[in-house]
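Structure file start_38.json (JSON, C-alpha atoms) is printed below.
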```
[["chain", "number", "residue", "atom", "x", "y", "z"],
["D", 1, "MET", "CA", -8.76, 11.21, 3.53],
["D", 2, "LEU", "CA", -10.74, 8.78, 1.42],
["D", 3, "ALA", "CA", -10.51, 8.99, -2.35],
["D", 4, "THR", "CA", -13.60, 9.27, -4.52],
["D", 5, "ASP", "CA", -14.24, 8.23, -8.09],
["D", 6, "ASP", "CA", -13.35, 11.79, -9.13],
["D", 7, "ASP", "CA", -9.78, 11.22, -7.86],
["D", 8, "ALA", "CA", -9.08, 8.16, -10.04],
["D", 9, "GLU", "CA", -7.30, 9.93, -12.89],
["D", 10, "GLU", "CA", -5.04, 11.89, -10.52],
["D", 11, "ILE", "CA", -4.25, 8.76, -8.48],
["D", 12, "ALA", "CA", -3.35, 6.82, -11.64],
["D", 13, "SER", "CA", -1.07, 9.64, -12.75],
["D", 14, "LEU", "CA", 0.67, 9.71, -9.36],
["D", 15, "ARG", "CA", 1.17, 5.93, -9.31],
["D", 16, "ASN", "CA", 2.57, 6.05, -12.84],
["D", 17, "ARG", "CA", 5.02, 8.84, -11.93],
["D", 18, "ALA", "CA", 6.19, 6.78, -8.96],
["D", 19, "ALA", "CA", 6.66, 3.70, -11.20],
["D", 20, "GLU", "CA", 8.57, 5.74, -13.79],
["D", 21, "HIS", "CA", 10.79, 7.16, -11.03],
["D", 22, "LEU", "CA", 11.67, 3.66, -9.75],
["D", 23, "THR", "CA", 12.35, 2.51, -13.30],
["D", 24, "GLN", "CA", 14.70, 5.45, -13.93],
["D", 25, "LEU", "CA", 16.57, 4.72, -10.71],
["D", 26, "HIS", "CA", 16.71, 0.91, -10.82],
["D", 27, "GLY", "CA", 15.88, -0.19, -14.37],
["D", 28, "ARG", "CA", 12.87, -2.13, -15.50],
["D", 29, "GLY", "CA", 11.29, -4.40, -12.94],
["D", 30, "HIS", "CA", 7.92, -5.45, -11.61],
["D", 31, "TRP", "CA", 7.60, -1.93, -10.17],
["D", 32, "SER", "CA", 7.53, -0.52, -13.74],
["D", 33, "GLY", "CA", 3.90, -1.35, -14.48],
["D", 34, "MET", "CA", 1.52, 1.44, -15.42],
["D", 35, "VAL", "CA", -2.07, 1.78, -14.25],
["D", 36, "THR", "CA", -5.13, 3.44, -15.73],
["D", 37, "ASP", "CA", -7.84, 5.48, -14.08],
["D", 38, "LYS", "CA", -10.18, 2.57, -14.86],
["D", 39, "GLY", "CA", -7.91, 0.29, -12.81],
["D", 40, "VAL", "CA", -7.90, 2.77, -9.94],
["D", 41, "LEU", "CA", -11.71, 3.03, -10.11],
["D", 42, "HIS", "CA", -11.89, -0.75, -9.80],
["D", 43, "GLY", "CA", -9.90, -0.43, -6.56],
["D", 44, "ILE", "CA", -12.38, 2.07, -5.12],
["D", 45, "SER", "CA", -15.04, -0.48, -4.19],
["D", 46, "ASN", "CA", -17.07, -1.89, -1.32],
["D", 47, "THR", "CA", -14.19, -4.18, -0.32],
["D", 48, "SER", "CA", -11.47, -1.52, -0.63],
["D", 49, "ARG", "CA", -10.77, 2.00, 0.52],
["D", 50, "VAL", "CA", -8.27, 4.23, -1.21],
["D", 51, "LEU", "CA", -6.59, 6.76, 1.06],
["D", 52, "ILE", "CA", -4.96, 9.91, -0.27],
["D", 53, "ALA", "CA", -2.85, 12.77, 1.04],
["D", 54, "ARG", "CA", -3.08, 16.19, -0.55],
["D", 55, "ASP", "CA", -0.71, 19.14, -0.49],
["D", 56, "ARG", "CA", -1.87, 22.66, 0.39],
["D", 57, "LYS", "CA", -2.96, 23.25, -3.21],
["D", 58, "GLY", "CA", -5.20, 20.18, -3.12],
["D", 59, "THR", "CA", -3.00, 18.01, -5.36],
["D", 60, "ILE", "CA", -2.82, 14.32, -4.44],
["D", 61, "ILE", "CA", 0.75, 13.56, -3.32],
["D", 62, "ALA", "CA", 0.37, 10.08, -1.80],
["D", 63, "THR", "CA", -2.01, 7.16, -1.96],
["D", 64, "LEU", "CA", -2.55, 3.62, -0.75],
["D", 65, "ARG", "CA", -5.37, 1.12, -0.88],
["D", 66, "LEU", "CA", -6.73, -1.07, 1.92],
["D", 67, "ALA", "CA", -8.62, -4.16, 0.81],
["D", 68, "THR", "CA", -10.39, -7.07, 2.45],
["D", 69, "LYS", "CA", -9.71, -9.35, -0.52],
["D", 70, "LYS", "CA", -6.38, -11.20, -0.38],
["D", 71, "PRO", "CA", -4.05, -10.25, -3.26],
["D", 72, "TRP", "CA", -2.65, -12.98, -5.51],
["D", 73, "ALA", "CA", 0.92, -12.77, -4.16],
["D", 74, "ILE", "CA", 0.06, -13.25, -0.48],
["D", 75, "ASP", "CA", 0.48, -16.70, 1.07],
["D", 76, "VAL", "CA", -1.39, -16.59, 4.39],
["D", 77, "ALA", "CA", 0.75, -19.42, 5.81],
["D", 78, "TYR", "CA", 3.45, -16.84, 6.62],
["D", 79, "PHE", "CA", 1.19, -14.61, 8.72],
["D", 80, "THR", "CA", -0.25, -14.69, 12.22],
["D", 81, "ASN", "CA", -3.57, -16.53, 12.38],
["D", 82, "VAL", "CA", -6.04, -13.76, 13.22],
["D", 83, "PRO", "CA", -9.77, -13.42, 12.51],
["D", 84, "ARG", "CA", -9.96, -10.39, 10.20],
["D", 85, "VAL", "CA", -7.29, -8.64, 8.16],
["D", 86, "LEU", "CA", -6.80, -5.86, 5.64],
["D", 87, "TYR", "CA", -4.24, -5.85, 2.84],
["D", 88, "LEU", "CA", -2.27, -2.71, 2.08],
["D", 89, "LEU", "CA", -1.75, -2.26, -1.67],
["D", 90, "ASP", "CA", -0.81, 0.27, -4.33],
["D", 91, "MET", "CA", 1.13, 2.69, -2.13],
["D", 92, "ALA", "CA", 2.80, 5.58, -3.93],
["D", 93, "VAL", "CA", 4.26, 8.92, -2.87],
["D", 94, "GLU", "CA", 4.99, 11.71, -5.34],
["D", 95, "PRO", "CA", 8.72, 11.24, -6.11],
["D", 96, "ALA", "CA", 9.56, 14.91, -5.44],
["D", 97, "MET", "CA", 7.79, 14.67, -2.06],
["D", 98, "GLN", "CA", 9.48, 11.50, -0.77],
["D", 99, "GLN", "CA", 11.60, 11.48, 2.38],
["D", 100, "ARG", "CA", 9.36, 14.10, 4.04],
["D", 101, "GLY", "CA", 7.27, 11.87, 6.30],
["D", 102, "ILE", "CA", 4.22, 11.89, 4.01],
["D", 103, "GLY", "CA", 4.28, 8.14, 3.50],
["D", 104, "ARG", "CA", 4.65, 7.48, 7.21],
["D", 105, "ARG", "CA", 1.68, 9.76, 7.98],
["D", 106, "LEU", "CA", -0.39, 7.95, 5.35],
["D", 107, "MET", "CA", 0.55, 4.62, 6.96],
["D", 108, "ALA", "CA", -0.73, 6.00, 10.30],
["D", 109, "GLU", "CA", -3.98, 6.96, 8.55],
["D", 110, "ALA", "CA", -4.22, 3.38, 7.29],
["D", 111, "VAL", "CA", -4.18, 2.15, 10.90],
["D", 112, "LYS", "CA", -6.93, 4.64, 11.78],
["D", 113, "ALA", "CA", -8.97, 3.47, 8.79],
["D", 114, "ALA", "CA", -8.52, -0.16, 9.90],
["D", 115, "ARG", "CA", -9.77, 0.72, 13.39],
["D", 116, "ASP", "CA", -12.85, 2.38, 11.86],
["D", 117, "TRP", "CA", -13.55, -0.42, 9.35],
["D", 118, "PRO", "CA", -17.17, -1.54, 9.53],
["D", 119, "GLY", "CA", -18.05, -4.88, 11.06],
["D", 120, "GLU", "CA", -15.86, -7.06, 13.22],
["D", 121, "ALA", "CA", -12.61, -5.48, 14.40],
["D", 122, "ILE", "CA", -9.60, -5.69, 12.10],
["D", 123, "SER", "CA", -6.79, -7.71, 13.71],
["D", 124, "ALA", "CA", -3.91, -7.03, 11.30],
["D", 125, "ILE", "CA", -2.74, -5.22, 8.19],
["D", 126, "ARG", "CA", -0.67, -7.30, 5.77],
["D", 127, "LEU", "CA", 1.37, -6.38, 2.73],
["D", 128, "ASP", "CA", 4.08, -7.55, 0.41],
["D", 129, "ALA", "CA", 7.01, -5.51, -0.87],
["D", 130, "TYR", "CA", 9.56, -6.15, -3.58],
["D", 131, "ALA", "CA", 12.70, -7.72, -2.13],
["D", 132, "HIS", "CA", 14.88, -5.71, -4.55],
["D", 133, "PRO", "CA", 17.56, -4.04, -2.37],
["D", 134, "GLN", "CA", 17.00, -0.54, -3.75],
["D", 135, "ALA", "CA", 13.53, -0.54, -5.32],
["D", 136, "GLY", "CA", 11.84, -2.42, -2.50],
["D", 137, "ALA", "CA", 10.18, -0.48, 0.31],
["D", 138, "GLY", "CA", 10.88, -3.03, 3.04],
["D", 139, "ASP", "CA", 12.95, -0.68, 5.18],
["D", 140, "PHE", "CA", 10.16, 1.91, 5.03],
["D", 141, "TYR", "CA", 7.55, -0.61, 6.17],
["D", 142, "ALA", "CA", 9.79, -1.80, 9.01],
["D", 143, "ARG", "CA", 10.31, 1.81, 10.17],
["D", 144, "SER", "CA", 6.51, 2.22, 10.03],
["D", 145, "GLY", "CA", 6.09, -0.54, 12.62],
["D", 146, "TYR", "CA", 5.47, -3.53, 10.36],
["D", 147, "ARG", "CA", 7.20, -6.82, 11.13],
["D", 148, "GLU", "CA", 8.78, -8.96, 8.43],
["D", 149, "VAL", "CA", 7.16, -12.40, 8.50],
["D", 150, "GLY", "CA", 8.61, -14.09, 5.44],
["D", 151, "ARG", "CA", 10.37, -13.97, 2.10],
["D", 152, "VAL", "CA", 9.10, -15.76, -0.99],
["D", 153, "VAL", "CA", 9.53, -15.91, -4.72],
["D", 154, "TYR", "CA", 6.12, -15.76, -6.37],
["D", 155, "ARG", "CA", 5.93, -16.16, -10.16],
["D", 156, "GLY", "CA", 9.57, -15.12, -10.40],
["D", 157, "VAL", "CA", 9.19, -12.05, -8.18],
["D", 158, "SER", "CA", 11.11, -11.87, -4.88],
["D", 159, "LEU", "CA", 8.80, -10.54, -2.18],
["D", 160, "VAL", "CA", 8.99, -9.73, 1.51],
["D", 161, "TYR", "CA", 5.85, -10.14, 3.59],
["D", 162, "PHE", "CA", 5.07, -7.67, 6.36],
["D", 163, "GLU", "CA", 2.39, -7.57, 9.04],
["D", 164, "LEU", "CA", 1.15, -5.11, 11.62],
["D", 165, "LEU", "CA", -0.94, -6.66, 14.39],
["D", 166, "LEU", "CA", -3.59, -4.32, 15.76],
["D", 167, "PRO", "CA", -4.38, -4.63, 19.46],
["D", 168, "ALA", "CA", -8.00, -5.44, 20.25],
["D", 169, "GLY", "CA", -10.11, -2.45, 21.15],
["D", 170, "THR", "CA", -7.86, 0.14, 19.51]]
```

Can you present the structure in this file as structure tokens?
Amino acid sequence: MLATDDDAEEIASLRNRAAEHLTQLHGRGHWSGMVTDKGVLHGISNTSRVLIARDRKGTIIATLRLATKKPWAIDVAYFTNVPRVLYLLDMAVEPAMQQRGIGRRLMAEAVKAARDWPGEAISAIRLDAYAHPQAGAGDFYARSGYREVGRVVYRGVSLVYFELLLPAGT
């Protein structure tokens, strides 16, 4: 389901809990950054869509953002040359709810959202993940059907690039 401006505070809180959880498990790293509801609101724009998953009580338990604007850490030279792409950003799953398939279902919703994106058909979804062996989500993205296309160090951060090509007409 798509997030609205009214969800910003709850999304920020979820993303911060996920960052704190990674920091407790793996120490301080680039995953330790905190966000504000104002930052989340900025992500809910004409060029982005924020997807959320709710539990039965209506609480947001997972989120991700799809954007048409290329993030700073992405080097397009590593990716397949296709006409129109989305970038998957800001994914977080409530720490107590991880390992239950919620993230994988949200990734499937991202593909549906890409297929329904207005305008010319989306050809691929791209993302970067931390290359940290424990704190990185690379294995999760690979299990979700994304293909690793490169590894880089950008501004001192080791990243793995992933891509999911979307068949035409799907």

Determine, using all atoms listed in the file, which residues of region 55-108 of chain D have any atom at most 7 Å from an atom of region 7-17 of chain D, and tabulate each with its shortest atom pair and distance in Å to one decimal place, rows ordered by chain and then rising number, as CSV.
```
residue,atom,partner,partner_atom,distance
D:Ile60,CA,D:Glu10,CA,6.9
D:Ala92,CA,D:Arg15,CA,5.6
D:Glu94,CA,D:Leu14,CA,6.2
```

Those same residues - C-alpha atoms - I'd like them written as a PDB file, keeping the file's coordinate frame.
```
ATOM      1  CA  ILE D  60      -2.820  14.320  -4.440  1.00  0.00           C
ATOM      2  CA  ALA D  92       2.800   5.580  -3.930  1.00  0.00           C
ATOM      3  CA  GLU D  94       4.990  11.710  -5.340  1.00  0.00           C
TER       4      GLU D  94
END
```

Gap from CA of Tyr146 (chain D) to CA of Thr59 (chain D) - Å, one decimal: 28.0 Å

D:Ser144, D:Ser123, D:Thr80, D:Thr47 ranked by distance to Ala108 (chain D), top pick (using only C-alpha atoms):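 With only C-alpha atoms as the atom set, the closest residue is D:Ser144.
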
Shell of 12 Å around Glu163 (chain D), all atoms listed in the file, local chain residues under 4 positions omitted, as a VMD selection string: chain D and resid 74 76 78 to 82 85 to 88 111 123 to 129 138 141 to 142 144 to 150

Separation of CA of Gly103 (chain D) from CA of Ala168 (chain D) in Å: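 One can read the CA of Ala168 (chain D) to CA of Gly103 (chain D) distance as 24.8 Å.
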
Residue nearest Leu64 (chain D) - candidates D:Gly43, D:Pro118, D:Gly33, D:Pro83, atoms counted: only C-alpha atoms: D:Gly43

Length of the CA of Met1 (chain D) to CA of His30 (chain D) vector [Å]: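 For CA of Met1 (chain D) relative to CA of His30 (chain D), the distance reads 28.0 Å.
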
Residue nearest Gly39 (chain D) among D:Asp90, D:Ala67, D:Ala73, D:Arg84 (counting only C-alpha atoms):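 Closest candidate: D:Asp90.
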
Reconstructed region 26-50 of chain D, atom set N, CA and C atoms, as a PDB file, in the frame of the given file:
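Generated file (part-v6.pdb):
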```pdb
ATOM      1  N   HIS D  26      16.300   2.300 -11.006  1.00  0.00           N
ATOM      2  CA  HIS D  26      16.710   0.910 -10.820  1.00  0.00           C
ATOM      3  C   HIS D  26      16.525   0.032 -12.055  1.00  0.00           C
ATOM      4  N   GLY D  27      16.119   0.603 -13.167  1.00  0.00           N
ATOM      5  CA  GLY D  27      15.880  -0.190 -14.370  1.00  0.00           C
ATOM      6  C   GLY D  27      14.500  -0.829 -14.326  1.00  0.00           C
ATOM      7  N   ARG D  28      14.178  -1.504 -15.405  1.00  0.00           N
ATOM      8  CA  ARG D  28      12.870  -2.130 -15.500  1.00  0.00           C
ATOM      9  C   ARG D  28      12.746  -3.265 -14.491  1.00  0.00           C
ATOM     10  N   GLY D  29      11.585  -3.348 -13.907  1.00  0.00           N
ATOM     11  CA  GLY D  29      11.290  -4.400 -12.940  1.00  0.00           C
ATOM     12  C   GLY D  29       9.790  -4.493 -12.774  1.00  0.00           C
ATOM     13  N   HIS D  30       9.363  -5.288 -11.835  1.00  0.00           N
ATOM     14  CA  HIS D  30       7.920  -5.450 -11.610  1.00  0.00           C
ATOM     15  C   HIS D  30       7.281  -4.159 -11.111  1.00  0.00           C
ATOM     16  N   TRP D  31       8.087  -3.236 -10.629  1.00  0.00           N
ATOM     17  CA  TRP D  31       7.600  -1.930 -10.170  1.00  0.00           C
ATOM     18  C   TRP D  31       7.315  -0.988 -11.340  1.00  0.00           C
ATOM     19  N   SER D  32       7.634  -1.400 -12.567  1.00  0.00           N
ATOM     20  CA  SER D  32       7.530  -0.520 -13.740  1.00  0.00           C
ATOM     21  C   SER D  32       6.140  -0.492 -14.362  1.00  0.00           C
ATOM     22  N   GLY D  33       5.220  -1.275 -13.875  1.00  0.00           N
ATOM     23  CA  GLY D  33       3.900  -1.350 -14.480  1.00  0.00           C
ATOM     24  C   GLY D  33       3.106  -0.060 -14.355  1.00  0.00           C
ATOM     25  N   MET D  34       2.362   0.238 -15.383  1.00  0.00           N
ATOM     26  CA  MET D  34       1.520   1.440 -15.420  1.00  0.00           C
ATOM     27  C   MET D  34       0.071   1.051 -15.119  1.00  0.00           C
ATOM     28  N   VAL D  35      -0.659   1.996 -14.564  1.00  0.00           N
ATOM     29  CA  VAL D  35      -2.070   1.780 -14.250  1.00  0.00           C
ATOM     30  C   VAL D  35      -2.916   2.814 -14.991  1.00  0.00           C
ATOM     31  N   THR D  36      -4.195   2.514 -15.093  1.00  0.00           N
ATOM     32  CA  THR D  36      -5.130   3.440 -15.730  1.00  0.00           C
ATOM     33  C   THR D  36      -6.120   3.942 -14.671  1.00  0.00           C
ATOM     34  N   ASP D  37      -6.817   5.008 -15.009  1.00  0.00           N
ATOM     35  CA  ASP D  37      -7.840   5.480 -14.080  1.00  0.00           C
ATOM     36  C   ASP D  37      -8.933   4.431 -13.920  1.00  0.00           C
ATOM     37  N   LYS D  38      -9.197   3.648 -14.957  1.00  0.00           N
ATOM     38  CA  LYS D  38     -10.180   2.570 -14.860  1.00  0.00           C
ATOM     39  C   LYS D  38      -9.726   1.538 -13.822  1.00  0.00           C
ATOM     40  N   GLY D  39      -8.440   1.214 -13.806  1.00  0.00           N
ATOM     41  CA  GLY D  39      -7.910   0.290 -12.810  1.00  0.00           C
ATOM     42  C   GLY D  39      -8.028   0.841 -11.404  1.00  0.00           C
ATOM     43  N   VAL D  40      -7.766   2.132 -11.253  1.00  0.00           N
ATOM     44  CA  VAL D  40      -7.900   2.770  -9.940  1.00  0.00           C
ATOM     45  C   VAL D  40      -9.361   2.754  -9.513  1.00  0.00           C
ATOM     46  N   LEU D  41     -10.269   3.057 -10.434  1.00  0.00           N
ATOM     47  CA  LEU D  41     -11.710   3.030 -10.110  1.00  0.00           C
ATOM     48  C   LEU D  41     -12.131   1.646  -9.611  1.00  0.00           C
ATOM     49  N   HIS D  42     -11.577   0.620 -10.228  1.00  0.00           N
ATOM     50  CA  HIS D  42     -11.890  -0.750  -9.800  1.00  0.00           C
ATOM     51  C   HIS D  42     -11.476  -0.953  -8.341  1.00  0.00           C
ATOM     52  N   GLY D  43     -10.375  -0.312  -7.928  1.00  0.00           N
ATOM     53  CA  GLY D  43      -9.900  -0.430  -6.560  1.00  0.00           C
ATOM     54  C   GLY D  43     -10.730   0.334  -5.546  1.00  0.00           C
ATOM     55  N   ILE D  44     -11.497   1.311  -6.014  1.00  0.00           N
ATOM     56  CA  ILE D  44     -12.380   2.070  -5.120  1.00  0.00           C
ATOM     57  C   ILE D  44     -13.720   1.324  -5.129  1.00  0.00           C
ATOM     58  N   SER D  45     -13.870   0.403  -4.173  1.00  0.00           N
ATOM     59  CA  SER D  45     -15.040  -0.480  -4.190  1.00  0.00           C
ATOM     60  C   SER D  45     -15.537  -0.697  -2.769  1.00  0.00           C
ATOM     61  N   ASN D  46     -16.518  -1.568  -2.644  1.00  0.00           N
ATOM     62  CA  ASN D  46     -17.070  -1.890  -1.320  1.00  0.00           C
ATOM     63  C   ASN D  46     -16.082  -2.667  -0.462  1.00  0.00           C
ATOM     64  N   THR D  47     -15.150  -3.384  -1.084  1.00  0.00           N
ATOM     65  CA  THR D  47     -14.190  -4.180  -0.320  1.00  0.00           C
ATOM     66  C   THR D  47     -12.846  -3.475  -0.167  1.00  0.00           C
ATOM     67  N   SER D  48     -12.720  -2.281  -0.707  1.00  0.00           N
ATOM     68  CA  SER D  48     -11.470  -1.520  -0.630  1.00  0.00           C
ATOM     69  C   SER D  48     -11.768  -0.070  -0.259  1.00  0.00           C
ATOM     70  N   ARG D  49     -10.750   0.556   0.290  1.00  0.00           N
ATOM     71  CA  ARG D  49     -10.770   2.000   0.520  1.00  0.00           C
ATOM     72  C   ARG D  49      -9.439   2.542   0.061  1.00  0.00           C
ATOM     73  N   VAL D  50      -9.483   3.580  -0.742  1.00  0.00           N
ATOM     74  CA  VAL D  50      -8.270   4.230  -1.210  1.00  0.00           C
ATOM     75  C   VAL D  50      -8.077   5.501  -0.392  1.00  0.00           C
TER      76      VAL D  50
END
```
